[in-house]
>>> print(open('work-v7.cif').read())   # mmCIF, C-alpha atoms and all ligand atoms
data_final
loop_
_atom_site.label_atom_id
_atom_site.label_comp_id
_atom_site.auth_asym_id
_atom_site.auth_seq_id
_atom_site.Cartn_x
_atom_site.Cartn_y
_atom_site.Cartn_z
CA MET A 48 119.92 -17.67 194.37
CA LYS A 49 120.34 -19.84 197.45
CA LYS A 50 117.54 -22.12 198.38
CA LYS A 51 116.99 -24.51 201.19
CA ILE A 52 114.86 -27.20 199.64
CA SER A 53 116.67 -30.39 200.62
CA VAL A 54 113.98 -31.35 203.14
CA ILE A 55 111.19 -30.49 200.72
CA SER A 56 112.89 -32.40 197.91
CA SER A 57 113.45 -35.45 200.13
CA VAL A 58 109.76 -35.47 201.05
CA LEU A 59 108.86 -35.04 197.39
CA VAL A 60 111.03 -38.02 196.48
CA LEU A 61 109.23 -40.16 199.07
CA LEU A 62 105.79 -39.05 197.87
CA LEU A 63 106.70 -39.80 194.29
CA VAL A 64 108.07 -43.18 195.23
CA LEU A 65 104.90 -44.06 197.14
CA THR A 66 102.60 -42.96 194.34
CA LEU A 67 104.44 -44.40 191.34
CA PRO A 68 102.35 -47.20 189.86
CA ALA A 69 105.30 -48.57 187.85
CA PHE A 70 107.24 -49.62 190.92
CA GLY A 71 106.60 -53.04 192.32
CA SER A 72 104.40 -54.10 189.45
CA HIS A 73 106.89 -56.35 187.70
CA HIS A 74 107.64 -59.00 190.30
CA GLY A 75 109.77 -61.77 188.91
CA THR A 76 110.20 -60.21 185.46
CA VAL A 77 113.52 -58.87 184.18
CA LYS A 78 113.20 -55.51 182.50
CA PRO A 79 115.06 -55.10 179.21
CA GLU A 80 118.14 -52.92 179.58
CA LYS A 81 117.45 -49.27 178.79
CA LYS A 82 120.18 -46.69 179.37
CA GLY A 83 119.45 -43.00 179.81
CA ILE A 84 121.18 -39.73 180.63
CA LEU A 85 119.70 -37.08 182.92
CA LEU A 86 121.38 -33.68 182.59
CA VAL A 87 120.94 -31.51 185.68
CA ALA A 88 121.45 -27.75 185.77
CA PHE A 89 120.41 -24.92 188.10
CA GLY A 90 118.40 -23.40 185.24
CA SER A 91 117.91 -19.89 183.89
CA SER A 92 114.78 -17.95 183.05
CA ILE A 93 116.64 -15.65 180.65
CA PRO A 94 115.84 -16.58 177.02
CA GLU A 95 119.33 -15.58 175.74
CA ALA A 96 120.91 -17.95 178.27
CA GLN A 97 119.16 -21.04 176.85
CA VAL A 98 121.76 -21.31 174.03
CA ALA A 99 124.16 -22.87 176.54
CA PHE A 100 121.69 -25.65 177.41
CA GLU A 101 120.91 -26.18 173.71
CA HIS A 102 124.62 -26.49 172.93
CA ILE A 103 125.24 -28.94 175.79
CA GLY A 104 122.23 -31.03 174.72
CA LYS A 105 123.44 -31.12 171.12
CA LYS A 106 126.99 -32.18 172.06
CA VAL A 107 125.78 -34.86 174.51
CA GLY A 108 123.40 -36.20 171.85
CA GLU A 109 126.26 -36.41 169.35
CA ALA A 110 128.54 -38.14 171.86
CA PHE A 111 125.94 -40.79 172.83
CA PRO A 112 123.56 -41.06 169.85
CA GLU A 113 121.97 -44.31 171.11
CA ILE A 114 121.10 -43.01 174.57
CA PRO A 115 118.03 -40.85 175.29
CA VAL A 116 118.80 -37.58 177.10
CA ARG A 117 116.45 -35.94 179.62
CA TRP A 118 116.81 -32.67 181.55
CA ALA A 119 116.09 -31.59 185.11
CA PHE A 120 116.55 -28.22 186.83
CA THR A 121 117.38 -27.80 190.50
CA SER A 122 116.08 -24.25 191.02
CA GLN A 123 112.51 -24.22 192.29
CA MET A 124 112.36 -20.48 191.63
CA ILE A 125 113.34 -20.92 187.98
CA ARG A 126 110.92 -23.85 187.51
CA LYS A 127 108.07 -21.76 188.92
CA LYS A 128 108.95 -18.76 186.76
CA MET A 129 109.12 -20.92 183.63
CA ALA A 130 105.85 -22.69 184.54
CA ASP A 131 104.16 -19.26 184.73
CA GLU A 132 105.33 -18.77 181.13
CA GLY A 133 103.89 -22.14 180.16
CA LYS A 134 107.16 -24.09 180.09
CA ASN A 135 107.13 -27.04 182.45
CA LEU A 136 110.58 -28.11 183.63
CA ASP A 137 111.24 -31.16 185.79
CA SER A 138 112.91 -31.20 189.17
CA VAL A 139 115.50 -33.97 189.63
CA ALA A 140 112.98 -36.13 191.54
CA GLN A 141 110.30 -35.61 188.88
CA GLY A 142 112.77 -36.27 186.04
CA LEU A 143 113.92 -39.52 187.66
CA ALA A 144 110.35 -40.61 188.43
CA ASN A 145 109.46 -40.08 184.76
CA MET A 146 112.48 -42.11 183.66
CA ALA A 147 111.52 -44.94 186.02
CA GLU A 148 108.03 -44.96 184.54
CA GLU A 149 109.50 -45.03 181.05
CA GLY A 150 111.36 -48.22 181.95
CA PHE A 151 114.93 -46.93 182.10
CA THR A 152 117.18 -49.41 183.92
CA HIS A 153 120.56 -47.60 183.86
CA VAL A 154 120.68 -43.85 184.41
CA ALA A 155 123.74 -41.62 184.21
CA VAL A 156 122.85 -38.43 186.06
CA GLN A 157 125.20 -35.63 185.04
CA SER A 158 125.65 -32.49 187.10
CA LEU A 159 126.20 -29.43 184.92
CA HIS A 160 127.38 -27.50 187.96
CA THR A 161 130.88 -25.99 188.04
CA ILE A 162 132.06 -27.08 191.49
CA PRO A 163 130.91 -29.88 193.83
CA GLY A 164 129.05 -27.49 196.14
CA GLU A 165 125.72 -27.62 198.00
CA GLU A 166 123.59 -28.19 194.92
CA PHE A 167 125.78 -31.06 193.73
CA HIS A 168 125.56 -32.75 197.12
CA GLU A 169 121.78 -32.28 197.24
CA LEU A 170 121.63 -33.86 193.78
CA LYS A 171 123.63 -36.84 195.00
CA GLN A 172 121.23 -37.25 197.95
CA THR A 173 118.21 -37.34 195.66
CA VAL A 174 119.92 -39.80 193.32
CA ARG A 175 120.85 -42.00 196.27
CA ALA A 176 117.19 -42.11 197.35
CA PHE A 177 116.23 -43.37 193.89
CA ALA A 178 119.01 -45.98 193.98
CA HIS A 179 117.28 -47.75 196.85
CA ILE A 180 113.82 -48.12 195.38
CA PRO A 181 112.92 -51.80 195.01
CA GLU A 182 112.30 -52.72 191.36
CA GLY A 183 113.42 -49.25 190.30
CA PHE A 184 116.58 -48.60 188.36
CA GLN A 185 119.19 -51.36 188.21
CA THR A 186 121.95 -48.75 188.30
CA ILE A 187 121.96 -45.01 188.81
CA SER A 188 125.03 -42.86 189.35
CA THR A 189 125.96 -39.16 189.40
CA GLY A 190 128.83 -37.73 187.32
CA LEU A 191 131.13 -35.11 188.83
CA PRO A 192 130.63 -31.42 187.97
CA LEU A 193 133.02 -29.49 185.70
CA LEU A 194 135.69 -29.34 188.41
CA GLY A 195 135.81 -32.82 189.93
CA ASP A 196 139.51 -33.58 190.32
CA GLN A 197 142.98 -32.27 189.51
CA LYS A 198 142.81 -33.54 185.93
CA ASP A 199 139.61 -31.52 185.44
CA MET A 200 141.34 -28.46 186.91
CA GLU A 201 144.12 -28.76 184.33
CA ARG A 202 141.63 -29.22 181.49
CA VAL A 203 139.61 -26.20 182.67
CA VAL A 204 142.79 -24.09 182.80
CA SER A 205 143.47 -25.04 179.15
CA ALA A 206 139.82 -24.41 178.22
CA ILE A 207 139.87 -20.93 179.77
CA ILE A 208 143.21 -20.01 178.15
CA SER A 209 142.00 -21.22 174.74
CA THR A 210 138.68 -19.34 174.88
CA ILE A 211 140.16 -15.92 175.70
CA PRO A 212 139.36 -13.60 172.75
CA GLU A 213 142.33 -12.99 170.43
CA GLN A 214 142.00 -9.21 170.81
CA ARG A 215 142.90 -9.42 174.49
CA LYS A 216 146.48 -8.20 175.03
CA PRO A 217 148.79 -9.67 177.73
CA GLU A 218 148.66 -6.38 179.66
CA ASP A 219 144.83 -6.60 179.80
CA ALA A 220 143.38 -8.54 182.72
CA LEU A 221 140.79 -11.29 182.34
CA VAL A 222 138.41 -11.51 185.29
CA LEU A 223 136.08 -14.50 185.44
CA MET A 224 132.91 -14.41 187.52
CA GLY A 225 132.29 -17.70 189.33
CA HIS A 226 129.09 -18.25 191.31
CA GLY A 227 130.57 -19.01 194.72
CA THR A 228 129.12 -20.86 197.69
CA PRO A 229 129.32 -20.99 201.49
CA HIS A 230 130.27 -24.69 200.99
CA GLY A 231 133.95 -25.61 201.45
CA SER A 232 134.27 -26.34 197.74
CA ASN A 233 134.36 -22.57 197.16
CA ALA A 234 138.13 -23.14 197.49
CA PHE A 235 138.09 -24.59 193.95
CA TYR A 236 137.97 -21.04 192.57
CA THR A 237 141.18 -19.85 194.21
CA ALA A 238 142.91 -23.17 193.51
CA LEU A 239 142.00 -22.81 189.85
CA MET A 240 143.12 -19.17 189.82
CA TRP A 241 146.58 -20.12 191.10
CA GLN A 242 146.95 -22.71 188.34
CA LEU A 243 145.73 -20.22 185.74
CA GLN A 244 148.19 -17.58 186.89
CA LEU A 245 151.12 -19.97 186.42
CA GLN A 246 150.30 -19.64 182.71
CA ASP A 247 148.90 -16.11 182.57
CA PRO A 248 149.44 -13.87 185.61
CA ASN A 249 146.69 -11.44 184.60
CA VAL A 250 143.83 -13.95 184.79
CA PHE A 251 141.63 -13.72 187.91
CA ILE A 252 138.60 -15.57 189.24
CA GLY A 253 136.16 -13.99 191.65
CA ALA A 254 132.79 -15.15 192.96
CA VAL A 255 129.50 -13.27 193.00
CA GLU A 256 128.31 -15.18 196.10
CA GLY A 257 131.62 -16.25 197.62
CA PHE A 258 135.34 -15.49 197.99
CA PRO A 259 137.15 -13.68 196.47
CA GLU A 260 134.87 -10.73 195.77
CA ILE A 261 135.54 -8.15 193.07
CA ASN A 262 136.71 -5.76 195.81
CA ASP A 263 139.44 -8.27 196.71
CA ILE A 264 140.65 -8.33 193.10
CA LEU A 265 140.38 -4.60 192.30
CA PRO A 266 143.41 -3.43 194.36
CA ILE A 267 145.62 -6.08 192.72
CA LEU A 268 144.57 -4.87 189.26
CA GLN A 269 145.26 -1.26 190.30
CA LYS A 270 148.67 -2.17 191.69
CA ARG A 271 149.54 -3.80 188.36
CA ASN A 272 148.36 -0.65 186.56
CA ILE A 273 145.80 -2.61 184.50
CA LYS A 274 143.90 -0.34 182.12
CA LYS A 275 141.58 -2.81 180.47
CA VAL A 276 139.66 -5.80 181.86
CA TRP A 277 137.87 -8.56 179.97
CA LEU A 278 134.92 -9.85 181.97
CA MET A 279 133.61 -13.38 181.42
CA PRO A 280 131.18 -15.55 183.38
CA PHE A 281 132.58 -18.80 184.80
CA MET A 282 129.16 -20.45 184.95
CA SER A 283 127.48 -22.80 182.49
CA VAL A 284 125.09 -20.09 181.28
CA ALA A 285 125.40 -16.33 180.87
CA GLY A 286 122.23 -15.71 182.86
CA ASP A 287 121.07 -13.22 185.45
CA HIS A 288 124.39 -13.03 187.36
CA ALA A 289 126.42 -12.47 184.19
CA ARG A 290 124.03 -9.94 182.67
CA ASN A 291 123.29 -7.98 185.85
CA ASP A 292 125.83 -8.59 188.64
CA MET A 293 128.77 -8.77 186.21
CA ALA A 294 127.87 -6.55 183.27
CA GLY A 295 124.82 -4.55 184.38
CA PRO A 296 124.56 -0.76 184.80
CA GLU A 297 124.05 -0.83 188.61
CA LYS A 298 126.70 0.83 190.76
CA ASP A 299 127.80 -2.43 192.36
CA SER A 300 128.11 -4.52 189.18
CA TRP A 301 131.65 -5.76 188.52
CA LYS A 302 131.81 -3.62 185.40
CA SER A 303 130.82 -0.48 187.34
CA VAL A 304 133.26 -1.26 190.18
CA LEU A 305 136.13 -1.69 187.70
CA ASN A 306 135.11 1.41 185.71
CA HIS A 307 135.03 3.38 188.96
CA GLY A 308 138.51 1.98 189.73
CA GLY A 309 139.81 3.51 186.49
CA MET A 310 139.57 0.54 184.11
CA ASN A 311 137.74 -0.02 180.83
CA CYS A 312 135.82 -3.27 180.46
CA GLU A 313 135.05 -5.60 177.58
CA VAL A 314 132.22 -7.94 178.43
CA ILE A 315 131.82 -11.46 177.05
CA LEU A 316 128.33 -12.83 177.63
CA ARG A 317 128.92 -16.52 176.96
CA GLY A 318 128.58 -19.30 179.51
CA THR A 319 131.03 -22.20 179.68
CA GLY A 320 128.20 -24.38 178.29
CA GLU A 321 128.56 -22.54 174.97
CA TYR A 322 132.15 -23.71 174.40
CA ASP A 323 133.08 -27.24 173.23
CA GLU A 324 136.24 -27.10 175.37
CA PHE A 325 134.22 -27.10 178.60
CA VAL A 326 131.33 -29.28 177.41
CA GLU A 327 133.79 -32.06 176.51
CA ILE A 328 134.79 -32.27 180.18
CA TRP A 329 131.16 -32.83 181.28
CA ILE A 330 130.79 -35.36 178.44
CA ASP A 331 133.83 -37.30 179.67
CA HIS A 332 132.23 -37.42 183.12
CA ILE A 333 129.09 -38.97 181.55
CA ARG A 334 131.35 -41.43 179.71
CA ASN A 335 133.02 -42.40 183.01
CA THR A 336 129.60 -43.14 184.51
CA LEU A 337 128.40 -45.16 181.50
CA ASN A 338 131.66 -47.16 181.49
CA ARG A 339 130.89 -48.31 185.03
CA PHE A 340 127.48 -49.74 184.01
CO CO B 401 122.98 -17.22 192.34
#
>>> encode(input="work-v7.cif", output="structure tokens", more="lines below")
Ligand code: CO
Amino acid sequence: MKKKISVISSVLVLLLVLTLPAFGSHHGTVKPEKKGILLVAFGSSIPEAQVAFEHIGKKVGEAFPEIPVRWAFTSQMIRKKMADEGKNLDSVAQGLANMAEEGFTHVAVQSLHTIPGEEFHELKQTVRAFAHIPEGFQTISTGLPLLGDQKDMERVVSAIISTIPEQRKPEDALVLMGHGTPHGSNAFYTALMWQLQLQDPNVFIGAVEGFPEINDILPILQKRNIKKVWLMPFMSVAGDHARNDMAGPEKDSWKSVLNHGGMNCEVILRGTGEYDEFVEIWIDHIRNTLNRF
């Protein structure tokens, strides 16, 4: 699901800025303070995956009851697919343009990504463009994704350990499917795996579009004589990757690869966005942003 839209999105931002009637129309007047939150996710077209977004939205609303929450989705492909079904989702630029028109003065943009990869940096670029609009927002800032710093890593380790199903025995492996990226921040996955294994040596993290692949993990599981593997997505939603690349019937799904390698699999189709333990980390990142306003 890689897309190269940074140029297109930059142009879009400029066009929006040039065509927004709200900008520049309040010379000399001070706008009343209006804080807002913009939650930004890749998006998913799978109906069953929406529960993660609903849960995140509910928890953020409870944490900041006075502050309006808006959503934007970075995937052009998903936005197009949803538009064909009659559901119009905003891009980041469109979401921010709407908030400017609505008179928001302080906007906390929160990335619901897992690692600070390409999409997070593109998001920051778009937000930076909006920060420099005359008479636009007074303050706009982007919160770090789930894994922002070492403290987040430690909290995510605890969150993963605490969400492992009770029925999983210590001799069973847990293999998490991260998304992965060609960006250098792909290293977060292996760094996190090392910290997880200090607590539970049979927990692994692979990436569907990055390193390590399932074929890097398989020989280690075989060497340890693992008979049963619990598979869980390490993405905010259990969407297309979780349902097909991880748990699907195709020969190259992680489940099929592990079955072929002599292991039984239990599949958990829940994204990190469905668990309070992970959502609280994103919420604290929003709180950090709001505290700076
Ligand atoms: Co993808």
>>> residues_near_ligand(input="work-v7.cif", ligand="ligand CO 401 (chain B)", cutoff="10 Å", atoms="all atoms listed in the file", output="PyMOL selection string")
chain A and resi 48-50+89+122+225-228+255-256+286-288+292
>>> residues_around(input="work-v7.cif", residues="Ala96 in chain A", least_positions_apart="2", cutoff="8 Å", atoms="all atoms listed in the file", output="compact mmCIF listing (two decimals) with C-alpha atoms, in the frame of the given file")
# COMPACT_ATOMS: atom_id res chain seq x y z
CA SER A 91 117.91 -19.89 183.89
CA SER A 92 114.78 -17.95 183.05
CA ILE A 93 116.64 -15.65 180.65
CA PRO A 94 115.84 -16.58 177.02
CA VAL A 98 121.76 -21.31 174.03
CA ALA A 99 124.16 -22.87 176.54
CA PHE A 100 121.69 -25.65 177.41
CA VAL A 284 125.09 -20.09 181.28
CA ALA A 285 125.40 -16.33 180.87
CA GLY A 286 122.23 -15.71 182.86
CA GLY A 318 128.58 -19.30 179.51
>>> residues_around(input="work-v7.cif", residues="range 171-175 of chain A", least_positions_apart="2", cutoff="7 Å", atoms="only C-alpha atoms", output="MDAnalysis selection string")
chainID A and resid 57 140 167:169 177:179 189
>>> atom_distance(input="work-v7.cif", atom1="CA of Lys81 in chain A", atom2="CA of Gly150 in chain A")
6.9 Å
>>> residues_around(input="work-v7.cif", residues="Phe258 in chain A", least_positions_apart="4", cutoff="9 Å", atoms="all atoms listed in the file", output="list in words")
Gly227, Thr228, Pro229, Asn233, Ala234, Tyr236, Thr237, Gly253, Ala254 and Asp263 of chain A
>>> atom_distance(input="work-v7.cif", atom1="CA of Ile333 in chain A", atom2="CA of Gln157 in chain A")
6.2 Å
